[in-house]
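Source file: structure-v2.txt (compact mmCIF, C-alpha atoms)
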```txt
# COMPACT_ATOMS: atom_id res chain seq x y z
CA MET A 1 1.35 60.29 55.71
CA ILE A 2 -2.11 61.68 55.70
CA SER A 3 -4.53 59.63 57.76
CA VAL A 4 -8.13 59.32 56.65
CA PRO A 5 -10.60 59.15 59.52
CA ILE A 6 -12.94 56.18 59.42
CA GLY A 7 -16.47 57.02 60.48
CA LYS A 8 -18.95 54.77 62.24
CA PRO A 9 -20.75 52.32 59.92
CA SER A 10 -24.12 53.56 58.76
CA PHE A 11 -27.36 51.95 59.89
CA PHE A 12 -27.90 50.67 56.33
CA THR A 13 -24.51 48.91 56.35
CA VAL A 14 -25.19 47.22 59.68
CA HIS A 15 -28.65 46.13 58.57
CA LEU A 16 -27.30 44.71 55.27
CA VAL A 17 -24.64 42.70 57.08
CA PHE A 18 -27.28 41.34 59.49
CA VAL A 19 -29.55 40.27 56.61
CA LEU A 20 -26.68 38.56 54.78
CA LEU A 21 -25.61 36.69 57.91
CA THR A 22 -29.22 35.61 58.54
CA ILE A 23 -29.59 34.31 54.97
CA LEU A 24 -26.25 32.48 55.27
CA PHE A 25 -27.27 30.96 58.60
CA CYS A 26 -30.72 29.88 57.29
CA PHE A 27 -29.18 28.41 54.15
CA HIS A 28 -26.68 26.45 56.21
CA GLY A 29 -29.50 25.29 58.53
CA THR A 30 -31.66 24.21 55.58
CA VAL A 31 -28.80 22.30 53.97
CA SER A 32 -27.99 20.65 57.30
CA ALA A 33 -31.63 19.69 57.93
CA SER A 34 -32.02 18.39 54.38
CA ALA A 35 -28.89 16.26 54.72
CA GLU A 36 -30.11 14.83 58.03
CA GLU A 37 -33.53 13.97 56.60
CA ALA A 38 -31.98 12.41 53.49
CA ALA A 39 -29.68 10.25 55.63
CA ALA A 40 -32.63 9.14 57.77
CA LEU A 41 -34.79 8.17 54.78
CA PHE A 42 -31.87 6.42 53.09
CA LYS A 43 -31.23 4.40 56.24
CA TRP A 44 -34.90 3.40 56.33
CA LYS A 45 -34.78 2.32 52.69
CA SER A 46 -31.71 0.20 53.46
CA SER A 47 -33.81 -1.83 55.92
CA PHE A 48 -36.32 -2.86 53.21
CA LEU A 49 -36.51 -6.51 52.25
CA ASN A 50 -36.29 -5.18 48.69
CA PRO A 51 -33.87 -2.21 49.00
CA ASP A 52 -33.15 -2.38 45.26
CA ASN A 53 -36.74 -1.37 44.48
CA PRO A 54 -36.51 0.15 40.97
CA LEU A 55 -38.96 2.91 41.88
CA LEU A 56 -36.54 4.21 44.51
CA THR A 57 -33.34 4.41 42.44
CA SER A 58 -33.31 8.17 43.00
CA TRP A 59 -32.91 7.62 46.75
CA ILE A 60 -29.12 7.95 46.88
CA LEU A 61 -26.74 9.97 49.03
CA GLN A 62 -24.64 11.88 46.52
CA GLN A 63 -23.54 15.49 46.37
CA ASN A 64 -25.47 16.14 43.16
CA SER A 65 -28.63 14.35 44.38
CA SER A 66 -31.28 16.54 45.98
CA LEU A 67 -33.55 14.97 48.59
CA CYS A 68 -36.45 17.01 47.23
CA SER A 69 -36.12 15.37 43.81
CA TRP A 70 -36.31 11.82 45.18
CA TYR A 71 -39.22 9.69 44.04
CA GLY A 72 -42.30 10.34 46.18
CA VAL A 73 -40.67 13.13 48.21
CA SER A 74 -41.86 16.75 48.29
CA CYS A 75 -40.31 19.56 50.30
CA ILE A 76 -40.93 23.03 51.62
CA ASN A 77 -37.80 25.11 52.17
CA GLY A 78 -35.64 22.01 51.74
CA SER A 79 -37.45 20.00 54.43
CA VAL A 80 -39.65 16.99 53.66
CA ASN A 81 -43.35 17.76 54.04
CA ARG A 82 -44.90 15.03 51.85
CA LEU A 83 -44.20 11.34 51.22
CA ASN A 84 -46.28 9.79 48.47
CA LEU A 85 -45.16 6.17 48.19
CA SER A 86 -48.49 4.49 47.53
CA ASP A 87 -48.39 1.27 45.51
CA SER A 88 -44.59 1.38 45.37
CA ASN A 89 -43.91 -2.32 46.03
CA ILE A 90 -42.23 -1.61 49.37
CA ASN A 91 -41.69 -4.73 51.48
CA SER A 92 -40.73 -3.65 54.98
CA THR A 93 -41.86 -2.68 58.45
CA LEU A 94 -42.29 0.73 60.00
CA TYR A 95 -39.88 0.03 62.86
CA ASN A 96 -37.01 1.92 61.22
CA PHE A 97 -39.09 4.75 59.79
CA PRO A 98 -37.48 8.08 60.83
CA PHE A 99 -40.41 9.42 62.86
CA SER A 100 -38.16 11.79 64.85
CA SER A 101 -36.15 13.07 61.88
CA LEU A 102 -38.98 14.51 59.75
CA PRO A 103 -40.34 17.37 61.88
CA ASN A 104 -42.25 19.06 59.02
CA LEU A 105 -43.98 16.00 57.60
CA GLU A 106 -47.66 16.76 56.90
CA TYR A 107 -48.70 14.18 54.32
CA VAL A 108 -47.91 10.44 54.26
CA ASP A 109 -49.45 8.13 51.69
CA MET A 110 -47.89 4.66 51.84
CA ALA A 111 -51.02 2.71 50.94
CA ILE A 112 -50.98 -0.59 49.04
CA ASN A 113 -47.53 -1.79 50.01
CA GLU A 114 -46.29 -4.82 51.95
CA PHE A 115 -45.77 -3.23 55.34
CA SER A 116 -45.93 -5.76 58.18
CA GLY A 117 -45.50 -5.70 61.94
CA SER A 118 -46.97 -3.14 64.31
CA ILE A 119 -47.52 0.57 63.92
CA PRO A 120 -44.78 1.95 66.22
CA PRO A 121 -45.80 4.29 69.05
CA GLN A 122 -43.25 6.79 67.69
CA ILE A 123 -45.85 7.70 65.07
CA GLY A 124 -47.04 10.18 67.66
CA ASN A 125 -43.89 12.25 66.98
CA LEU A 126 -45.28 13.41 63.60
CA SER A 127 -47.08 16.30 65.26
CA LYS A 128 -47.72 18.24 62.02
CA LEU A 129 -49.29 15.30 60.20
CA ILE A 130 -52.54 16.11 58.38
CA TYR A 131 -52.89 13.03 56.16
CA LEU A 132 -51.91 9.42 56.97
CA ASP A 133 -52.74 6.51 54.67
CA LEU A 134 -51.40 3.04 55.48
CA GLN A 135 -54.25 1.02 53.99
CA GLY A 136 -53.86 -2.21 52.07
CA GLY A 137 -50.88 -3.71 53.86
CA ALA A 138 -50.22 -6.42 56.43
CA LEU A 139 -49.93 -4.32 59.59
CA SER A 140 -50.96 -6.17 62.74
CA ASN A 141 -51.48 -5.79 66.49
CA GLU A 142 -53.24 -2.84 68.09
CA ILE A 143 -53.58 0.76 66.93
CA PRO A 144 -51.11 2.60 69.20
CA ARG A 145 -52.57 5.00 71.75
CA GLU A 146 -50.03 7.57 70.59
CA ILE A 147 -52.18 8.10 67.49
CA GLY A 148 -53.98 10.62 69.70
CA PHE A 149 -50.93 12.93 69.59
CA LEU A 150 -51.59 13.68 65.91
CA LYS A 151 -53.83 16.60 66.80
CA ASN A 152 -53.79 18.10 63.28
CA LEU A 153 -54.80 14.89 61.52
CA GLN A 154 -57.68 15.21 59.05
CA THR A 155 -57.42 11.87 57.19
CA LEU A 156 -56.60 8.50 58.78
CA HIS A 157 -56.70 5.38 56.59
CA LEU A 158 -55.68 2.10 58.25
CA ASN A 159 -58.20 -0.12 56.46
CA GLY A 160 -57.34 -3.43 54.84
CA ASN A 161 -54.72 -4.62 57.32
CA TYR A 162 -54.71 -7.14 60.18
CA LEU A 163 -55.04 -4.74 63.09
CA ASN A 164 -56.73 -6.10 66.21
CA GLY A 165 -57.83 -4.97 69.64
CA SER A 166 -60.19 -2.10 70.25
CA ILE A 167 -60.33 1.39 68.80
CA PRO A 168 -58.18 3.38 71.26
CA GLU A 169 -59.85 5.95 73.49
CA GLU A 170 -57.22 8.46 72.39
CA ILE A 171 -58.73 8.62 68.90
CA GLY A 172 -61.21 11.07 70.37
CA GLN A 173 -58.39 13.64 70.57
CA LEU A 174 -58.32 13.93 66.76
CA ARG A 175 -60.91 16.69 66.67
CA PHE A 176 -60.05 17.82 63.12
CA LEU A 177 -60.51 14.32 61.68
CA ASN A 178 -62.64 14.38 58.54
CA ASP A 179 -62.06 10.91 57.04
CA LEU A 180 -61.62 7.80 59.22
CA ALA A 181 -61.15 4.39 57.56
CA LEU A 182 -60.51 1.39 59.84
CA ALA A 183 -62.44 -1.15 57.76
CA ALA A 184 -61.45 -4.72 56.96
CA ASN A 185 -59.32 -5.41 60.01
CA ASN A 186 -59.90 -7.55 63.11
CA LEU A 187 -60.91 -4.75 65.47
CA ASP A 188 -63.25 -5.68 68.29
CA GLY A 189 -64.97 -4.22 71.31
CA PRO A 190 -67.28 -1.21 71.46
CA PHE A 191 -66.72 2.28 70.16
CA PRO A 192 -64.76 4.29 72.76
CA ALA A 193 -66.66 6.87 74.78
CA SER A 194 -64.49 9.59 73.26
CA PHE A 195 -65.79 8.79 69.76
CA GLY A 196 -68.42 11.46 70.18
CA ASN A 197 -65.67 14.11 70.00
CA LEU A 198 -65.08 13.51 66.28
CA LYS A 199 -67.72 16.00 65.19
CA ASN A 200 -65.88 17.01 62.01
CA LEU A 201 -66.15 13.53 60.47
CA SER A 202 -67.55 13.39 56.95
CA TYR A 203 -66.56 9.80 56.09
CA LEU A 204 -66.67 6.87 58.51
CA TYR A 205 -65.57 3.42 57.32
CA VAL A 206 -65.41 0.77 60.07
CA HIS A 207 -67.09 -2.09 58.20
CA ASP A 208 -65.93 -5.71 58.18
CA ASN A 209 -64.48 -5.89 61.67
CA GLN A 210 -65.75 -7.51 64.86
CA LEU A 211 -66.93 -4.35 66.61
CA SER A 212 -69.64 -4.89 69.21
CA GLY A 213 -71.92 -2.90 71.45
CA PRO A 214 -74.30 -0.14 70.40
CA ILE A 215 -74.01 2.43 67.64
CA PRO A 216 -73.02 5.64 69.47
CA PRO A 217 -76.08 7.93 69.53
CA GLU A 218 -73.64 10.87 69.44
CA LEU A 219 -73.16 10.02 65.77
CA GLY A 220 -76.31 12.03 65.18
CA ASN A 221 -74.39 15.17 66.16
CA PHE A 222 -71.86 14.75 63.34
CA ASP A 223 -73.46 17.31 61.05
CA ASN A 224 -70.96 16.81 58.22
CA LEU A 225 -71.34 13.04 57.81
CA VAL A 226 -71.72 12.02 54.17
CA GLU A 227 -70.97 8.26 54.25
CA VAL A 228 -71.31 5.76 57.11
CA TYR A 229 -70.19 2.15 56.58
CA MET A 230 -70.63 0.10 59.78
CA ASN A 231 -71.75 -3.15 58.14
CA GLY A 232 -70.24 -6.56 58.80
CA ASN A 233 -69.69 -6.22 62.54
CA GLN A 234 -71.42 -7.48 65.68
CA LEU A 235 -73.12 -4.23 66.63
CA SER A 236 -76.23 -4.65 68.78
CA GLY A 237 -79.03 -2.61 70.25
CA HIS A 238 -81.35 -0.22 68.45
CA ILE A 239 -80.60 2.06 65.52
CA PRO A 240 -80.32 5.50 67.16
CA SER A 241 -83.12 7.85 66.15
CA THR A 242 -80.53 10.66 66.27
CA LEU A 243 -79.19 9.44 62.91
CA GLY A 244 -82.18 11.24 61.43
CA ASN A 245 -80.32 14.52 62.07
CA LEU A 246 -77.68 13.79 59.42
CA ASN A 247 -79.08 15.86 56.58
CA LYS A 248 -75.90 15.55 54.44
CA LEU A 249 -75.79 11.75 54.62
CA ASN A 250 -75.62 9.94 51.25
CA VAL A 251 -74.84 6.37 52.37
CA LEU A 252 -75.93 4.49 55.50
CA TYR A 253 -74.78 0.85 55.62
CA LEU A 254 -75.64 -0.99 58.84
CA PHE A 255 -76.27 -4.43 57.35
CA SER A 256 -74.99 -7.75 58.72
CA ASN A 257 -74.94 -6.85 62.39
CA ASN A 258 -77.07 -7.88 65.38
CA LEU A 259 -79.23 -4.77 65.48
CA SER A 260 -82.74 -5.10 66.91
CA GLY A 261 -85.84 -3.03 67.49
CA SER A 262 -87.70 -1.05 64.89
CA ILE A 263 -86.45 1.13 62.05
CA PRO A 264 -86.64 4.70 63.40
CA SER A 265 -89.14 6.86 61.52
CA GLU A 266 -86.58 9.68 61.82
CA LEU A 267 -84.55 8.05 59.04
CA GLY A 268 -87.18 9.56 56.75
CA ASN A 269 -85.53 12.93 57.39
CA LEU A 270 -82.38 11.89 55.50
CA THR A 271 -83.41 13.53 52.26
CA SER A 272 -79.86 13.44 50.80
CA LEU A 273 -79.66 9.66 51.23
CA ASN A 274 -79.16 7.54 48.11
CA SER A 275 -78.27 4.17 49.67
CA LEU A 276 -79.86 2.60 52.77
CA SER A 277 -78.90 -0.98 53.66
CA LEU A 278 -80.15 -2.52 56.91
CA PHE A 279 -80.44 -6.14 55.79
CA ASN A 280 -79.39 -9.22 57.78
CA ASN A 281 -80.18 -7.90 61.25
CA ASN A 282 -82.93 -8.66 63.78
CA LEU A 283 -85.10 -5.63 63.05
CA THR A 284 -88.79 -5.89 63.90
CA GLY A 285 -91.91 -3.80 63.52
CA SER A 286 -93.20 -2.23 60.35
CA ILE A 287 -91.40 -0.37 57.56
CA PRO A 288 -91.89 3.32 58.42
CA PRO A 289 -93.94 5.19 55.80
CA SER A 290 -91.55 8.14 56.32
CA LEU A 291 -88.99 6.31 54.15
CA GLY A 292 -91.13 7.52 51.27
CA ASN A 293 -89.62 10.98 51.88
CA LEU A 294 -86.18 9.81 50.75
CA SER A 295 -86.55 11.32 47.30
CA ASN A 296 -82.90 10.71 46.31
CA LEU A 297 -82.86 7.04 47.30
CA THR A 298 -81.64 4.55 44.68
CA PHE A 299 -80.98 1.47 46.89
CA LEU A 300 -83.19 0.21 49.71
CA HIS A 301 -82.18 -3.12 51.24
CA LEU A 302 -84.24 -4.29 54.23
CA TYR A 303 -84.24 -8.04 53.57
CA ALA A 304 -83.41 -10.81 56.07
CA ASN A 305 -84.99 -9.20 59.11
CA GLN A 306 -88.25 -9.82 60.97
CA LEU A 307 -90.17 -6.86 59.63
CA SER A 308 -93.94 -7.19 59.67
CA GLY A 309 -97.00 -5.30 58.49
CA SER A 310 -97.64 -4.14 54.96
CA ILE A 311 -95.38 -2.55 52.37
CA PRO A 312 -96.08 1.17 52.78
CA LYS A 313 -97.57 2.77 49.67
CA GLU A 314 -95.27 5.76 50.29
CA LEU A 315 -92.39 3.74 48.80
CA GLY A 316 -94.03 4.46 45.46
CA ASN A 317 -92.76 8.06 45.81
CA LEU A 318 -89.13 6.92 45.44
CA ILE A 319 -88.98 7.57 41.71
CA LEU A 320 -85.17 7.26 41.56
CA LEU A 321 -85.19 3.83 43.20
CA GLU A 322 -83.29 1.17 41.24
CA ASP A 323 -83.08 -1.67 43.77
CA LEU A 324 -85.81 -2.57 46.29
CA GLU A 325 -85.16 -5.71 48.34
CA LEU A 326 -87.60 -6.72 51.10
CA SER A 327 -87.25 -10.52 50.97
CA ASN A 328 -87.11 -12.85 53.98
CA ASN A 329 -89.31 -10.89 56.34
CA LEU A 330 -92.84 -11.30 57.73
CA LEU A 331 -94.56 -8.78 55.49
CA THR A 332 -98.29 -9.22 54.85
CA GLY A 333 -101.00 -7.66 52.73
CA SER A 334 -100.88 -6.78 49.07
CA VAL A 335 -98.21 -5.14 46.96
CA PRO A 336 -99.12 -1.44 46.56
CA VAL A 337 -100.09 -0.68 42.98
CA ILE A 338 -98.18 2.61 43.24
CA LEU A 339 -94.94 0.64 43.00
CA GLY A 340 -95.70 0.64 39.30
CA ASN A 341 -94.54 4.29 39.32
CA LEU A 342 -90.95 3.30 40.07
CA SER A 343 -89.86 3.70 36.46
CA ASN A 344 -86.15 3.34 37.27
CA LEU A 345 -86.54 0.09 39.22
CA GLN A 346 -84.25 -2.73 38.05
CA TYR A 347 -84.46 -5.18 40.96
CA LEU A 348 -87.59 -6.04 42.95
CA TYR A 349 -87.11 -8.75 45.57
CA LEU A 350 -90.13 -9.69 47.73
CA ARG A 351 -89.38 -13.39 48.19
CA HIS A 352 -90.29 -15.36 51.34
CA ASN A 353 -92.86 -13.15 53.01
CA GLN A 354 -96.61 -13.57 53.59
CA LEU A 355 -97.77 -11.23 50.87
CA SER A 356 -101.12 -11.98 49.30
CA GLY A 357 -103.57 -10.82 46.67
CA PRO A 358 -102.82 -10.41 42.99
CA ILE A 359 -99.51 -9.21 41.62
CA PRO A 360 -100.44 -5.69 40.45
CA GLN A 361 -100.91 -5.16 36.74
CA GLU A 362 -99.09 -1.83 37.17
CA LEU A 363 -95.78 -3.65 37.59
CA ARG A 364 -95.70 -4.11 33.82
CA ASN A 365 -94.83 -0.40 33.67
CA LEU A 366 -91.41 -1.22 35.15
CA THR A 367 -89.69 -1.45 31.78
CA LYS A 368 -86.16 -1.38 33.25
CA LEU A 369 -86.79 -4.39 35.47
CA VAL A 370 -84.01 -7.00 35.28
CA ALA A 371 -85.16 -9.26 38.14
CA MET A 372 -88.49 -9.69 39.89
CA ILE A 373 -88.38 -12.30 42.67
CA MET A 374 -91.81 -12.93 44.22
CA ALA A 375 -91.49 -16.59 45.27
CA GLU A 376 -92.68 -18.13 48.56
CA ASN A 377 -95.62 -15.85 49.25
CA GLN A 378 -99.39 -16.22 48.99
CA PHE A 379 -100.01 -14.38 45.74
CA SER A 380 -103.13 -15.40 43.84
CA GLY A 381 -104.66 -14.70 40.46
CA GLN A 382 -102.69 -14.51 37.27
CA LEU A 383 -99.39 -12.97 36.31
CA PRO A 384 -99.77 -9.49 34.82
CA GLU A 385 -99.52 -9.40 31.06
CA GLY A 386 -96.68 -7.50 29.49
CA LEU A 387 -94.14 -7.99 32.29
CA CYS A 388 -91.47 -8.63 29.69
CA GLN A 389 -92.29 -5.69 27.46
CA GLY A 390 -89.20 -3.80 28.55
CA GLY A 391 -87.05 -6.48 26.95
CA VAL A 392 -84.51 -6.60 29.80
CA LEU A 393 -86.21 -8.90 32.33
CA GLN A 394 -83.87 -11.84 32.97
CA ASN A 395 -85.18 -13.38 36.17
CA LEU A 396 -88.87 -13.78 37.00
CA THR A 397 -89.41 -16.11 39.97
CA VAL A 398 -92.94 -16.71 41.28
CA ASN A 399 -92.88 -20.32 42.52
CA GLU A 400 -94.60 -21.41 45.74
CA ASN A 401 -97.54 -19.06 45.45
CA MET A 402 -101.20 -19.67 44.62
CA LEU A 403 -101.13 -18.25 41.12
CA THR A 404 -103.38 -19.65 38.41
CA VAL A 405 -102.28 -20.47 34.90
CA LEU A 406 -104.21 -18.94 32.06
CA LYS A 407 -105.64 -21.73 29.87
CA LEU A 408 -105.41 -21.21 26.14
```
Using the file provided, produce a representation of the structure as structure tokens.
Amino acid sequence: MISVPIGKPSFFTVHLVFVLLTILFCFHGTVSASAEEAAALFKWKSSFLNPDNPLLTSWILQQNSSLCSWYGVSCINGSVNRLNLSDSNINSTLYNFPFSSLPNLEYVDMAINEFSGSIPPQIGNLSKLIYLDLQGGALSNEIPREIGFLKNLQTLHLNGNYLNGSIPEEIGQLRFLNDLALAANNLDGPFPASFGNLKNLSYLYVHDNQLSGPIPPELGNFDNLVEVYMNGNQLSGHIPSTLGNLNKLNVLYLFSNNLSGSIPSELGNLTSLNSLSLFNNNLTGSIPPSLGNLSNLTFLHLYANQLSGSIPKELGNLILLEDLELSNNLLTGSVPVILGNLSNLQYLYLRHNQLSGPIPQELRNLTKLVAMIMAENQFSGQLPEGLCQGGVLQNLTVNENMLTVLKL
């Protein structure tokens, strides 16, 4: 018999075998991870009060059923990275959610469901999470301190629940946070000292809670802020002048708090602002003329304060203004005739002040005016002719003044 010598395997052969084994190992690992994640999610679904939810009929453990094709589930390399279950009629808690079994989860939207109970501290295990939306449920108790472990989080929506207690100090660890919505809960206490770390915030919604204490002056360092809703709380102290640094700000709602002191003139630097609402506070002093610089403003609500002095003529520069409400203050003097330039104005409320002199004839130029409320002042003379020439005026209230009636 002739023997054929067998040479050493070539480098190419060894490399090919290594690559094939690696692919086989990774495939087996992916399948194993996918099966584990599917089992964990299926177990969570089984704990629902409505496990037969028709939207989740694809959530089954069968050989021909792929986890990544389940309703609301998206994957990368066979591992779950997104859960989009918003408005899915889920009635459950988060106690059995597989926080430790979804290591690649980046996006969770489970808004507008019937989740109840607490947010478990295990939520801190979702270390890759970028987006978390649990708004519009029935979650209660405190926001867990472990929320601070979600270092990559950019969006956090917990609004519209029944959460209580204070905003945890650990929230200041979320330095990439861009959008924070905690509104319409029962949160109380002051803003944590760490709040000043959230310098990437663009959207801040904490309205309709019971938050107290001052507005953090560090808010003025949040260069990217576009919308600030802090209304409907128990915030006190002065409005920080540093808010005048927020040159991207479109909306500033601080109404229905216990704020005092004067309106900072620096707010006149907010040239991107289109809505400013400070009503129902304890603000004093005069209306700063610098507000006339807010060339993009459409809504200005300063009513129900203790503002004094005259209406600054500079408000006549706000040519985009649609709604000007200054009622229930201590304003004196005459109405500036330049307000007749506000050609887009639909609502003019000056009720219950100490304004005097004639109602300017120039107000008849406001052809888009729907309501003009001038009652309970000291206006004299006659009503301007042609106030109704725009054809849209529905409410003209001038009672309790010293106006004279033109005799025919």
Between region 108-212 of chain A and region 227-245 of chain A, at 6 Å or less, what are the per-residue closest atom pairs and their distances in Å? Count all atoms listed in the file, order by chain and rising residue number, and return it as JSON lines.
```
{"residue": "A:Tyr203", "atom": "CA", "partner": "A:Glu227", "partner_atom": "CA", "distance": 5.0}
{"residue": "A:Leu204", "atom": "CA", "partner": "A:Val228", "partner_atom": "CA", "distance": 5.0}
{"residue": "A:Tyr205", "atom": "CA", "partner": "A:Tyr229", "partner_atom": "CA", "distance": 4.8}
{"residue": "A:Val206", "atom": "CA", "partner": "A:Met230", "partner_atom": "CA", "distance": 5.3}
{"residue": "A:His207", "atom": "CA", "partner": "A:Met230", "partner_atom": "CA", "distance": 4.5}
{"residue": "A:Asp208", "atom": "CA", "partner": "A:Gly232", "partner_atom": "CA", "distance": 4.4}
{"residue": "A:Asn209", "atom": "CA", "partner": "A:Asn233", "partner_atom": "CA", "distance": 5.3}
{"residue": "A:Gln210", "atom": "CA", "partner": "A:Asn233", "partner_atom": "CA", "distance": 4.8}
{"residue": "A:Leu211", "atom": "CA", "partner": "A:Asn233", "partner_atom": "CA", "distance": 5.3}
{"residue": "A:Ser212", "atom": "CA", "partner": "A:Leu235", "partner_atom": "CA", "distance": 4.4}
```
What does the structure give for the distance between CA of Phe379 (chain A) and CA of Thr397 (chain A), in Å to one decimal?
12.2 Å
Take CA of Glu36 (chain A) and CA of Asn125 (chain A) and report the distance between them in Å, one decimal.
16.6 Å
Write out as a ChimeraX atom specification each polymer residue whose atoms come within 10 Å of region 284-295 of chain A, counting all atoms listed in the file; drop sequence neighbours fewer than 2 positions from it.
/A:259-276,281-282,297-298,300,302,305-321,326,329-331
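Shortest separation to Glu385 (chain A) among A:Glu400, A:Ile359, A:Gly124, A:Gly189 occurs at residue A:Ile359, atoms counted being all atoms listed in the file.
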Could you give me, as an MDAnalysis selection string, the residues within 7 Å of Tyr131 (chain A), counting all atoms listed in the file and dropping anything in the same chain fewer than 6 positions from it?
chainID A and resid 106:108 153:156
Which one is closest to Pro217 (chain A): A:Phe191, A:Asn200, A:Pro358, A:Gln346? Count all atoms listed in the file.
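Between A:Phe191, A:Asn200, A:Pro358, A:Gln346, the residue approaching Pro217 (chain A) most closely is A:Phe191.
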So what do you get for CA of Ile215 (chain A) versus CA of Ile119 (chain A), distance-wise?
26.8 Å
Find the spatial neighbours of Asn50 (chain A), counting only C-alpha atoms, within a cut-off of 8 Å - ignore same-chain residues fewer than 3 positions away - and output them as a VMD selection string.
chain A and resid 53 90 to 92
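Look at Ser100 (chain A): the protein and nucleic acid residues within 9 Å of it, using all atoms listed in the file and passing over chain neighbours fewer than 5 places away, are A:Gln122, A:Ile123, A:Asn125, A:Leu126.
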Write region 361-366 of chain A as an mmCIF file, in the frame of the given file, completed to all heavy atoms.
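selection_24.cif, written as the output of this step:
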```cif
data_model
loop_
_atom_site.group_PDB
_atom_site.id
_atom_site.type_symbol
_atom_site.label_atom_id
_atom_site.label_comp_id
_atom_site.auth_asym_id
_atom_site.auth_seq_id
_atom_site.Cartn_x
_atom_site.Cartn_y
_atom_site.Cartn_z
ATOM 1 N N GLN A 361 -101.121 -5.341 38.166
ATOM 2 C CA GLN A 361 -100.910 -5.160 36.740
ATOM 3 C C GLN A 361 -99.946 -4.002 36.462
ATOM 4 O O GLN A 361 -99.225 -3.996 35.463
ATOM 5 C CB GLN A 361 -102.251 -4.859 36.047
ATOM 6 C CG GLN A 361 -103.250 -6.007 36.045
ATOM 7 C CD GLN A 361 -102.839 -7.112 35.082
ATOM 8 O OE1 GLN A 361 -102.136 -6.863 34.100
ATOM 9 N NE2 GLN A 361 -103.273 -8.335 35.354
ATOM 10 N N GLU A 362 -99.921 -3.022 37.355
ATOM 11 C CA GLU A 362 -99.090 -1.830 37.170
ATOM 12 C C GLU A 362 -97.602 -2.138 37.127
ATOM 13 O O GLU A 362 -96.811 -1.316 36.637
ATOM 14 C CB GLU A 362 -99.383 -0.808 38.277
ATOM 15 C CG GLU A 362 -100.721 -0.115 38.185
ATOM 16 C CD GLU A 362 -101.884 -0.980 38.648
ATOM 17 O OE1 GLU A 362 -101.646 -2.110 39.138
ATOM 18 O OE2 GLU A 362 -103.036 -0.530 38.528
ATOM 19 N N LEU A 363 -97.199 -3.309 37.621
ATOM 20 C CA LEU A 363 -95.780 -3.650 37.590
ATOM 21 C C LEU A 363 -95.261 -3.846 36.173
ATOM 22 O O LEU A 363 -94.052 -3.828 35.942
ATOM 23 C CB LEU A 363 -95.513 -4.914 38.426
ATOM 24 C CG LEU A 363 -95.779 -4.798 39.936
ATOM 25 C CD1 LEU A 363 -95.284 -6.053 40.659
ATOM 26 C CD2 LEU A 363 -95.148 -3.557 40.539
ATOM 27 N N ARG A 364 -96.171 -3.992 35.202
ATOM 28 C CA ARG A 364 -95.700 -4.110 33.820
ATOM 29 C C ARG A 364 -95.135 -2.790 33.313
ATOM 30 O O ARG A 364 -94.505 -2.742 32.255
ATOM 31 C CB ARG A 364 -96.849 -4.585 32.930
ATOM 32 C CG ARG A 364 -97.996 -3.614 32.816
ATOM 33 C CD ARG A 364 -99.142 -4.221 32.041
ATOM 34 N NE ARG A 364 -100.299 -3.319 31.997
ATOM 35 C CZ ARG A 364 -101.477 -3.645 31.485
ATOM 36 N NH1 ARG A 364 -101.660 -4.871 30.981
ATOM 37 N NH2 ARG A 364 -102.480 -2.791 31.465
ATOM 38 N N ASN A 365 -95.395 -1.708 34.049
ATOM 39 C CA ASN A 365 -94.830 -0.400 33.670
ATOM 40 C C ASN A 365 -93.344 -0.290 33.999
ATOM 41 O O ASN A 365 -92.703 0.677 33.585
ATOM 42 C CB ASN A 365 -95.583 0.726 34.382
ATOM 43 C CG ASN A 365 -97.052 0.774 34.016
ATOM 44 O OD1 ASN A 365 -97.423 0.408 32.894
ATOM 45 N ND2 ASN A 365 -97.880 1.208 34.948
ATOM 46 N N LEU A 366 -92.818 -1.257 34.725
ATOM 47 C CA LEU A 366 -91.410 -1.220 35.150
ATOM 48 C C LEU A 366 -90.543 -1.777 34.022
ATOM 49 O O LEU A 366 -90.045 -2.898 34.089
ATOM 50 C CB LEU A 366 -91.221 -2.011 36.448
ATOM 51 C CG LEU A 366 -92.151 -1.610 37.608
ATOM 52 C CD1 LEU A 366 -91.884 -2.478 38.838
ATOM 53 C CD2 LEU A 366 -91.980 -0.136 37.948
#
```
